[in-house]
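Asker: Coordinates in model24.cif, mmCIF, C-alpha atoms, are listed below.
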```cif
data_upload
#
loop_
_atom_site.label_atom_id
_atom_site.label_comp_id
_atom_site.auth_asym_id
_atom_site.auth_seq_id
_atom_site.Cartn_x
_atom_site.Cartn_y
_atom_site.Cartn_z
CA MET A 5 25.33 -8.84 -25.94
CA ARG A 6 21.74 -9.53 -25.04
CA ARG A 7 22.61 -9.49 -21.33
CA HIS A 8 24.33 -6.11 -21.70
CA ALA A 9 21.33 -4.75 -23.59
CA VAL A 10 19.00 -5.85 -20.79
CA LEU A 11 21.31 -4.31 -18.19
CA TRP A 12 21.39 -0.98 -20.02
CA SER A 13 17.61 -1.05 -20.37
CA VAL A 14 17.23 -1.52 -16.63
CA VAL A 15 19.69 1.30 -15.93
CA LEU A 16 17.89 3.67 -18.29
CA LEU A 17 14.51 2.75 -16.82
CA ALA A 18 15.79 3.35 -13.28
CA ALA A 19 17.25 6.71 -14.34
CA ALA A 20 14.00 7.74 -15.99
CA MET A 21 12.08 6.90 -12.82
CA LEU A 22 14.61 8.68 -10.62
CA VAL A 23 14.71 11.98 -12.53
CA PRO A 24 11.27 13.26 -11.37
CA PHE A 25 12.11 12.46 -7.75
CA VAL A 26 15.46 14.28 -8.02
CA LEU A 27 13.77 17.34 -9.55
CA VAL A 28 11.19 17.42 -6.77
CA ALA A 29 13.89 17.08 -4.10
CA VAL A 30 16.04 19.82 -5.67
CA ASN A 31 13.16 22.29 -5.97
CA ALA A 32 11.97 21.51 -2.43
CA VAL A 33 15.17 22.96 -0.97
CA LYS A 34 15.21 26.14 -3.08
CA THR A 35 14.00 29.55 -2.07
CA PRO A 36 11.11 31.05 -4.06
CA ALA A 37 13.45 33.76 -5.38
CA ASP A 38 15.98 31.17 -6.55
CA TYR A 39 13.25 29.17 -8.28
CA ALA A 40 11.85 32.27 -10.01
CA ALA A 41 15.28 33.45 -11.17
CA ASN A 42 16.80 30.14 -12.35
CA GLY A 43 13.84 27.86 -13.06
CA PRO A 44 13.09 24.28 -11.97
CA LEU A 45 16.07 22.59 -13.68
CA SER A 46 18.88 24.50 -11.96
CA LEU A 47 20.67 23.44 -8.79
CA PRO A 48 19.87 25.47 -5.67
CA ARG A 49 22.29 28.27 -4.85
CA GLU A 50 21.74 27.53 -1.17
CA VAL A 51 19.82 24.81 0.63
CA SER A 52 16.69 26.20 2.22
CA LEU A 53 14.24 24.20 4.31
CA ASP A 54 11.71 27.03 4.51
CA GLY A 55 9.35 25.37 2.03
CA ILE A 56 9.40 22.06 3.90
CA ILE A 57 8.89 23.76 7.26
CA ALA A 58 6.10 25.97 5.90
CA PHE A 59 4.24 23.00 4.44
CA TRP A 60 4.75 20.89 7.59
CA ASP A 61 3.27 23.63 9.78
CA ARG A 62 0.47 24.52 7.39
CA VAL A 63 -1.07 21.05 7.22
CA ASP A 64 0.15 19.71 10.58
CA PHE A 65 2.01 17.05 8.61
CA GLY A 66 3.01 15.05 11.69
CA GLU A 67 -0.64 14.33 12.45
CA LYS A 68 -1.36 13.38 8.82
CA LEU A 69 1.71 11.15 8.78
CA LEU A 70 0.54 9.35 11.92
CA ASN A 71 -2.92 8.83 10.42
CA SER A 72 -1.46 7.33 7.24
CA VAL A 73 0.89 5.05 9.17
CA VAL A 74 -1.88 3.81 11.47
CA ILE A 75 -4.36 3.23 8.63
CA SER A 76 -1.87 1.67 6.19
CA GLY A 77 -0.21 -0.50 8.84
CA SER A 78 -3.54 -1.72 10.22
CA VAL A 79 -4.87 -2.52 6.75
CA ALA A 80 -1.67 -4.35 5.76
CA VAL A 81 -1.72 -6.57 8.86
CA LEU A 82 -5.46 -7.26 8.85
CA ALA A 83 -5.63 -7.85 5.09
CA VAL A 84 -2.81 -10.39 5.26
CA VAL A 85 -4.51 -12.21 8.16
CA VAL A 86 -7.89 -12.28 6.39
CA SER A 87 -6.27 -13.36 3.12
CA VAL A 88 -4.44 -16.24 4.80
CA CYS A 89 -7.56 -17.49 6.56
CA ASN A 90 -9.67 -17.26 3.40
CA ALA A 91 -7.02 -18.87 1.21
CA TYR A 92 -6.47 -21.65 3.76
CA ALA A 93 -10.15 -22.52 3.60
CA LEU A 94 -10.39 -22.22 -0.19
CA GLY A 95 -7.00 -23.54 -1.27
CA ILE A 96 -6.38 -26.30 1.26
CA GLY A 97 -9.80 -26.87 2.78
CA ARG A 98 -11.34 -27.27 -0.67
CA VAL A 99 -14.59 -25.44 0.12
CA ARG A 100 -17.47 -26.39 -2.16
CA GLY A 101 -18.01 -23.78 -4.85
CA ARG A 102 -14.44 -22.57 -4.50
CA LEU A 103 -14.21 -21.39 -8.12
CA TRP A 104 -17.30 -19.21 -7.90
CA ILE A 105 -16.13 -17.72 -4.61
CA LEU A 106 -12.81 -16.79 -6.24
CA VAL A 107 -14.70 -15.21 -9.14
CA VAL A 108 -16.63 -13.07 -6.65
CA PHE A 109 -13.35 -11.97 -5.01
CA LEU A 110 -11.89 -11.16 -8.42
CA ILE A 111 -14.94 -9.11 -9.46
CA ALA A 112 -14.91 -7.27 -6.13
CA ASN A 113 -11.26 -6.36 -6.69
CA THR A 114 -12.01 -4.89 -10.14
CA LEU A 115 -14.91 -2.65 -9.11
CA PRO A 116 -14.09 1.07 -9.53
CA GLN A 117 -13.93 3.00 -6.29
CA GLU A 118 -16.26 5.64 -7.70
CA ALA A 119 -19.03 3.01 -7.72
CA LEU A 120 -18.37 2.23 -4.07
CA ALA A 121 -18.26 5.81 -2.79
CA TYR A 122 -21.94 6.43 -2.09
CA PRO A 123 -22.78 2.96 -0.66
CA LEU A 124 -19.75 3.14 1.63
CA TYR A 125 -20.61 6.68 2.70
CA PHE A 126 -24.22 5.69 3.41
CA LEU A 127 -23.16 2.56 5.33
CA ALA A 128 -20.45 4.31 7.37
CA ASN A 129 -22.83 7.14 8.24
CA GLY A 130 -25.55 4.68 9.19
CA ILE A 131 -23.42 2.74 11.68
CA GLY A 132 -21.73 5.82 13.14
CA LEU A 133 -18.27 5.28 11.67
CA TYR A 134 -18.28 8.14 9.18
CA ASP A 135 -15.22 10.39 9.46
CA THR A 136 -13.29 7.82 11.49
CA ARG A 137 -10.09 5.99 10.70
CA THR A 138 -11.84 2.74 11.63
CA ALA A 139 -14.16 3.03 8.62
CA VAL A 140 -11.22 3.47 6.22
CA VAL A 141 -9.36 0.54 7.80
CA ILE A 142 -12.38 -1.75 7.40
CA VAL A 143 -13.03 -0.70 3.79
CA PHE A 144 -9.46 -1.15 2.61
CA THR A 145 -8.97 -4.35 4.57
CA VAL A 146 -11.84 -5.85 2.56
CA ILE A 147 -10.55 -4.43 -0.73
CA GLN A 148 -6.97 -5.58 -0.24
CA ALA A 149 -7.99 -8.94 1.21
CA SER A 150 -10.04 -9.71 -1.89
CA PHE A 151 -6.89 -9.53 -3.98
CA GLY A 152 -4.82 -11.34 -1.35
CA THR A 153 -7.35 -14.16 -1.14
CA TYR A 154 -7.35 -14.63 -4.89
CA LEU A 155 -3.54 -14.70 -5.05
CA LEU A 156 -2.93 -16.89 -2.00
CA THR A 157 -5.61 -19.40 -2.93
CA SER A 158 -3.85 -20.19 -6.19
CA THR A 159 -0.60 -20.54 -4.22
CA LEU A 160 -1.97 -22.76 -1.47
CA THR A 161 -3.76 -25.01 -3.94
CA GLY A 162 -0.36 -26.48 -4.80
CA PHE A 163 0.79 -26.66 -1.19
CA PRO A 164 2.70 -29.93 -0.48
CA ARG A 165 0.12 -32.43 0.76
CA GLU A 166 2.83 -34.49 2.44
CA LEU A 167 3.40 -31.76 5.02
CA LEU A 168 -0.30 -31.51 5.74
CA GLU A 169 -0.73 -35.27 6.10
CA ALA A 170 2.31 -35.53 8.37
CA ALA A 171 0.97 -32.77 10.62
CA ARG A 172 -2.43 -34.42 10.84
CA LEU A 173 -0.89 -37.79 11.69
CA ASP A 174 0.94 -36.05 14.54
CA GLY A 175 -2.41 -34.88 15.89
CA ALA A 176 -2.25 -31.23 14.78
CA THR A 177 -5.54 -29.37 14.60
CA ARG A 178 -6.53 -27.21 11.62
CA TRP A 179 -5.42 -24.05 13.40
CA GLN A 180 -2.10 -25.63 14.31
CA VAL A 181 -1.57 -26.69 10.70
CA LEU A 182 -2.28 -23.13 9.60
CA LEU A 183 -0.05 -21.42 12.16
CA ARG A 184 2.82 -23.93 12.30
CA ILE A 185 2.96 -25.26 8.73
CA VAL A 186 1.18 -23.07 6.21
CA VAL A 187 2.13 -19.62 7.51
CA PRO A 188 5.88 -20.33 7.98
CA VAL A 189 6.17 -21.90 4.53
CA SER A 190 4.20 -19.03 2.94
CA ARG A 191 6.03 -16.29 4.85
CA PRO A 192 7.90 -14.87 1.80
CA THR A 193 4.65 -14.44 -0.12
CA LEU A 194 2.95 -12.92 2.91
CA GLY A 195 5.81 -10.45 3.24
CA VAL A 196 5.33 -9.30 -0.34
CA LEU A 197 1.59 -8.89 0.21
CA PHE A 198 2.22 -6.91 3.40
CA VAL A 199 4.49 -4.44 1.59
CA PHE A 200 2.11 -4.04 -1.34
CA PHE A 201 -0.94 -3.62 0.90
CA PHE A 202 0.83 -0.92 2.92
CA ILE A 203 1.97 1.07 -0.12
CA TRP A 204 -1.33 0.69 -1.97
CA THR A 205 -3.29 1.89 1.05
CA TRP A 206 -0.82 4.72 1.67
CA ASN A 207 -1.36 6.07 -1.86
CA GLU A 208 -5.17 5.88 -1.75
CA PHE A 209 -6.85 9.25 -2.21
CA PHE A 210 -10.46 9.02 -3.38
CA LEU A 211 -12.16 6.93 -0.68
CA PRO A 212 -10.25 8.58 2.22
CA LEU A 213 -11.29 11.94 0.73
CA VAL A 214 -14.93 10.81 0.84
CA LEU A 215 -14.84 9.12 4.25
CA LEU A 216 -12.51 11.48 6.15
CA ILE A 217 -13.63 15.11 6.21
CA SER A 218 -12.14 16.26 9.52
CA ASN A 219 -8.71 17.80 9.31
CA GLU A 220 -7.43 15.73 12.23
CA ASN A 221 -8.40 12.44 10.52
CA GLN A 222 -7.05 13.10 7.04
CA THR A 223 -4.21 11.10 5.52
CA VAL A 224 -1.14 12.42 3.72
CA PRO A 225 -2.51 12.10 0.12
CA VAL A 226 -5.77 13.80 1.11
CA ALA A 227 -3.94 16.66 2.81
CA LEU A 228 -1.71 17.12 -0.24
CA GLY A 229 -4.64 17.13 -2.65
CA VAL A 230 -6.81 19.48 -0.59
CA LEU A 231 -4.05 21.99 0.04
CA GLN A 232 -2.78 22.01 -3.53
CA GLY A 233 -6.34 22.50 -4.74
CA GLN A 234 -6.49 25.75 -2.78
CA ARG A 235 -3.70 27.24 -4.94
CA MET A 236 -2.10 28.88 -1.93
CA MET A 237 1.42 27.46 -2.32
CA ASP A 238 4.40 28.56 -4.35
CA ALA A 239 6.41 26.11 -6.46
CA THR A 240 8.99 25.33 -3.78
CA THR A 241 6.34 24.57 -1.15
CA THR A 242 4.49 22.40 -3.67
CA SER A 243 7.70 20.45 -4.32
CA ALA A 244 8.23 20.14 -0.57
CA SER A 245 4.72 18.70 -0.16
CA ALA A 246 5.35 16.15 -2.93
CA LEU A 247 8.69 15.19 -1.37
CA LEU A 248 7.23 14.72 2.11
CA GLY A 249 4.37 12.72 0.65
CA VAL A 250 6.54 10.17 -1.15
CA VAL A 251 9.53 9.81 1.19
CA PRO A 252 7.73 7.74 3.89
CA ALA A 253 6.49 5.22 1.31
CA ILE A 254 9.97 4.95 -0.23
CA ALA A 255 11.50 4.48 3.22
CA PHE A 256 9.01 1.73 4.05
CA PHE A 257 9.75 0.02 0.73
CA LEU A 258 13.51 0.14 1.35
CA ILE A 259 13.14 -1.20 4.89
CA PHE A 260 11.15 -4.22 3.69
CA GLN A 261 12.99 -4.65 0.42
CA ARG A 262 14.67 -7.82 1.66
CA ALA A 263 11.30 -9.38 2.46
CA MET A 264 10.08 -8.58 -1.05
CA THR A 265 13.24 -10.02 -2.60
CA ARG A 266 12.83 -13.26 -0.66
CA GLY A 267 9.17 -13.50 -1.66
CA ILE A 268 9.85 -12.92 -5.35
CA THR A 269 12.78 -15.36 -5.30
CA ALA A 270 10.68 -18.00 -3.57
CA GLY A 271 7.89 -17.50 -6.10
CA ALA A 272 10.33 -17.90 -8.99
CA GLY A 273 11.76 -21.03 -7.39
CA ASN A 274 8.33 -22.58 -7.13
#
```
Will you turn the file into structure tokens for me?

Answerer:
Amino acid sequence: MRRHAVLWSVVLLAAAMLVPFVLVAVNAVKTPADYAANGPLSLPREVSLDGIIAFWDRVDFGEKLLNSVVISGSVAVLAVVVSVCNAYALGIGRVRGRLWILVVFLIANTLPQEALAYPLYFLANGIGLYDTRTAVVIVFTVIQASFGTYLLTSTLTGFPRELLEAARLDGATRWQVLLRIVVPVSRPTLGVLFVFFFIWTWNEFFLPLVLLISNENQTVPVALGVLQGQRMMDATTTSASALLGVVPAIAFFLIFQRAMTRGITAGAGN
């Protein structure tokens, strides 16, 4: 009975999370007249892509999509690399003062972005990287890597010492131990971090809004927020914008779902 209750709870939770997405998708393919006559809860009388096409053309969505993919992908890769190197030094290398360093990473990860806005703006403007994708990549690589370092360090602290000793007896250098032993064994966890870093960066709005002011450099969330703030869209176009904003992240999540499942399973097994 308890197992059935848990199963029904999961089903109801999934349905509750799916309903808003279905409503957005349904209203995105309605005509404005259909929406005005029948409301947001009715099925469309005919499928119309006019709202999606109008929004795509209005914000040059292809360019915004490319910016988000480049920034999120670069941050995910770089943050994982930085996290692995830091955690290797702190978790396996046993750097002196390791605990205090981890506390600094933890505090850095909890700082509100509003407190970072002006210093980051001033620094990016001072070194000539303001309004560039490079500045956003650097900022979010540091932010995401602080969390990744904290998580991976606790994982690598319990790394099997037998594997490390065997590799050293075979004459492996520290870099070889990292690349041939630590990274392959930790691959499931790194896959989970990669997915999370990509989605977290994709959904970021405040700092990209501050650091990216040119239309050609803006990301998808910034374009959605700026355009909706202008109050120039009808309900169907607004739904189309929300649909186009969330579909790429969902697609990425589904593509790498297997990597996340392996990482979570491996973490539960450990």

Asker: Extract, using only C-alpha atoms, all DNA, RNA and protein residues at most 8 Å from A:Phe59, discarding same-chain residues fewer than 5 positions from it, and format them as a list of chain:residue names.

Answerer: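 Listed by chain and then number, they are A:Phe65, A:Thr241, A:Ala244, A:Ser245.
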
Asker: Could you state the separation of atom CA of A:Leu167 and atom CA of A:Arg191 in Å, given to one decimal place?

Answerer: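 Computed distance, atom CA of A:Leu167 to atom CA of A:Arg191, equals 15.7 Å.
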
Asker: Can you list what the PyMOL selection byres ((chain A and resi 56) around 10) grabs from this structure, as a list in words?

Answerer: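 When the PyMOL selection byres ((chain A and resi 56) around 10) is applied, the selected residues are Ala32, Val33, Lys34, Ser52, Leu53, Asp54, Gly55, Ile57, Ala58, Phe59, Trp60, Asp61, Arg62, Thr240, Thr241, Thr242, Ser243, Ala244, Ser245, Ala246, Leu247 and Leu248 of chain A.
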
Asker: Got time to write the residues from that selection, C-alpha atoms, as a PDB file, in the frame of the given file?

Answerer:
```
ATOM      1  CA  ALA A  32      11.970  21.510  -2.430  1.00  0.00           C
ATOM      2  CA  VAL A  33      15.170  22.960  -0.970  1.00  0.00           C
ATOM      3  CA  LYS A  34      15.210  26.140  -3.080  1.00  0.00           C
ATOM      4  CA  SER A  52      16.690  26.200   2.220  1.00  0.00           C
ATOM      5  CA  LEU A  53      14.240  24.200   4.310  1.00  0.00           C
ATOM      6  CA  ASP A  54      11.710  27.030   4.510  1.00  0.00           C
ATOM      7  CA  GLY A  55       9.350  25.370   2.030  1.00  0.00           C
ATOM      8  CA  ILE A  57       8.890  23.760   7.260  1.00  0.00           C
ATOM      9  CA  ALA A  58       6.100  25.970   5.900  1.00  0.00           C
ATOM     10  CA  PHE A  59       4.240  23.000   4.440  1.00  0.00           C
ATOM     11  CA  TRP A  60       4.750  20.890   7.590  1.00  0.00           C
ATOM     12  CA  ASP A  61       3.270  23.630   9.780  1.00  0.00           C
ATOM     13  CA  ARG A  62       0.470  24.520   7.390  1.00  0.00           C
ATOM     14  CA  THR A 240       8.990  25.330  -3.780  1.00  0.00           C
ATOM     15  CA  THR A 241       6.340  24.570  -1.150  1.00  0.00           C
ATOM     16  CA  THR A 242       4.490  22.400  -3.670  1.00  0.00           C
ATOM     17  CA  SER A 243       7.700  20.450  -4.320  1.00  0.00           C
ATOM     18  CA  ALA A 244       8.230  20.140  -0.570  1.00  0.00           C
ATOM     19  CA  SER A 245       4.720  18.700  -0.160  1.00  0.00           C
ATOM     20  CA  ALA A 246       5.350  16.150  -2.930  1.00  0.00           C
ATOM     21  CA  LEU A 247       8.690  15.190  -1.370  1.00  0.00           C
ATOM     22  CA  LEU A 248       7.230  14.720   2.110  1.00  0.00           C
TER      23      LEU A 248
END
```

Asker: Calculated over all atoms listed in the file, which of the candidates A:Leu124, A:Ala149, A:Leu155, A:Val214 has the smallest distance to A:Val230?

Answerer: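 Counting all atoms listed in the file, the residue closest to A:Val230 is A:Val214.
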
Asker: Apply the PyMOL selection byres ((chain A and resi 148) around 9) to the file shown and report the selected residues as a ChimeraX atom specification.

Answerer: /A:79-80,83-84,87,113,143-147,149-153,201,204-205

Asker: Any chance you can output those residues with C-alpha atoms as a CSV table (one decimal), keeping the file's coordinate frame?

Answerer:
```
chain,number,residue,atom,x,y,z
A,79,VAL,CA,-4.9,-2.5,6.8
A,80,ALA,CA,-1.7,-4.4,5.8
A,83,ALA,CA,-5.6,-7.8,5.1
A,84,VAL,CA,-2.8,-10.4,5.3
A,87,SER,CA,-6.3,-13.4,3.1
A,113,ASN,CA,-11.3,-6.4,-6.7
A,143,VAL,CA,-13.0,-0.7,3.8
A,144,PHE,CA,-9.5,-1.2,2.6
A,145,THR,CA,-9.0,-4.4,4.6
A,146,VAL,CA,-11.8,-5.8,2.6
A,147,ILE,CA,-10.6,-4.4,-0.7
A,149,ALA,CA,-8.0,-8.9,1.2
A,150,SER,CA,-10.0,-9.7,-1.9
A,151,PHE,CA,-6.9,-9.5,-4.0
A,152,GLY,CA,-4.8,-11.3,-1.4
A,153,THR,CA,-7.4,-14.2,-1.1
A,201,PHE,CA,-0.9,-3.6,0.9
A,204,TRP,CA,-1.3,0.7,-2.0
A,205,THR,CA,-3.3,1.9,1.0
```

Asker: Report, in Å to a single decimal, how far apart atom CA of A:Thr157 and atom CA of A:Asn90 are.

Answerer: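 Separating atom CA of A:Asn90 from atom CA of A:Thr157 is a distance of 7.8 Å.
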
Asker: If we count only C-alpha atoms and set the cut-off at 12 Å, which residues sit around A:Leu156, ignoring sequence neighbours fewer than 3 positions away in its own chain? Please answer as a PyMOL selection string.

Answerer: chain A and resi 83-96+106+109+149-153+159-163+186-187+190-194+196-197+271

Asker: Take the residues just selected and output them with C-alpha atoms as a PDB file, keeping the file's coordinate frame.

Answerer:
```pdb
ATOM      1  CA  ALA A  83      -5.630  -7.850   5.090  1.00  0.00           C
ATOM      2  CA  VAL A  84      -2.810 -10.390   5.260  1.00  0.00           C
ATOM      3  CA  VAL A  85      -4.510 -12.210   8.160  1.00  0.00           C
ATOM      4  CA  VAL A  86      -7.890 -12.280   6.390  1.00  0.00           C
ATOM      5  CA  SER A  87      -6.270 -13.360   3.120  1.00  0.00           C
ATOM      6  CA  VAL A  88      -4.440 -16.240   4.800  1.00  0.00           C
ATOM      7  CA  CYS A  89      -7.560 -17.490   6.560  1.00  0.00           C
ATOM      8  CA  ASN A  90      -9.670 -17.260   3.400  1.00  0.00           C
ATOM      9  CA  ALA A  91      -7.020 -18.870   1.210  1.00  0.00           C
ATOM     10  CA  TYR A  92      -6.470 -21.650   3.760  1.00  0.00           C
ATOM     11  CA  ALA A  93     -10.150 -22.520   3.600  1.00  0.00           C
ATOM     12  CA  LEU A  94     -10.390 -22.220  -0.190  1.00  0.00           C
ATOM     13  CA  GLY A  95      -7.000 -23.540  -1.270  1.00  0.00           C
ATOM     14  CA  ILE A  96      -6.380 -26.300   1.260  1.00  0.00           C
ATOM     15  CA  LEU A 106     -12.810 -16.790  -6.240  1.00  0.00           C
ATOM     16  CA  PHE A 109     -13.350 -11.970  -5.010  1.00  0.00           C
ATOM     17  CA  ALA A 149      -7.990  -8.940   1.210  1.00  0.00           C
ATOM     18  CA  SER A 150     -10.040  -9.710  -1.890  1.00  0.00           C
ATOM     19  CA  PHE A 151      -6.890  -9.530  -3.980  1.00  0.00           C
ATOM     20  CA  GLY A 152      -4.820 -11.340  -1.350  1.00  0.00           C
ATOM     21  CA  THR A 153      -7.350 -14.160  -1.140  1.00  0.00           C
ATOM     22  CA  THR A 159      -0.600 -20.540  -4.220  1.00  0.00           C
ATOM     23  CA  LEU A 160      -1.970 -22.760  -1.470  1.00  0.00           C
ATOM     24  CA  THR A 161      -3.760 -25.010  -3.940  1.00  0.00           C
ATOM     25  CA  GLY A 162      -0.360 -26.480  -4.800  1.00  0.00           C
ATOM     26  CA  PHE A 163       0.790 -26.660  -1.190  1.00  0.00           C
ATOM     27  CA  VAL A 186       1.180 -23.070   6.210  1.00  0.00           C
ATOM     28  CA  VAL A 187       2.130 -19.620   7.510  1.00  0.00           C
ATOM     29  CA  SER A 190       4.200 -19.030   2.940  1.00  0.00           C
ATOM     30  CA  ARG A 191       6.030 -16.290   4.850  1.00  0.00           C
ATOM     31  CA  PRO A 192       7.900 -14.870   1.800  1.00  0.00           C
ATOM     32  CA  THR A 193       4.650 -14.440  -0.120  1.00  0.00           C
ATOM     33  CA  LEU A 194       2.950 -12.920   2.910  1.00  0.00           C
ATOM     34  CA  VAL A 196       5.330  -9.300  -0.340  1.00  0.00           C
ATOM     35  CA  LEU A 197       1.590  -8.890   0.210  1.00  0.00           C
ATOM     36  CA  GLY A 271       7.890 -17.500  -6.100  1.00  0.00           C
TER      37      GLY A 271
END
```
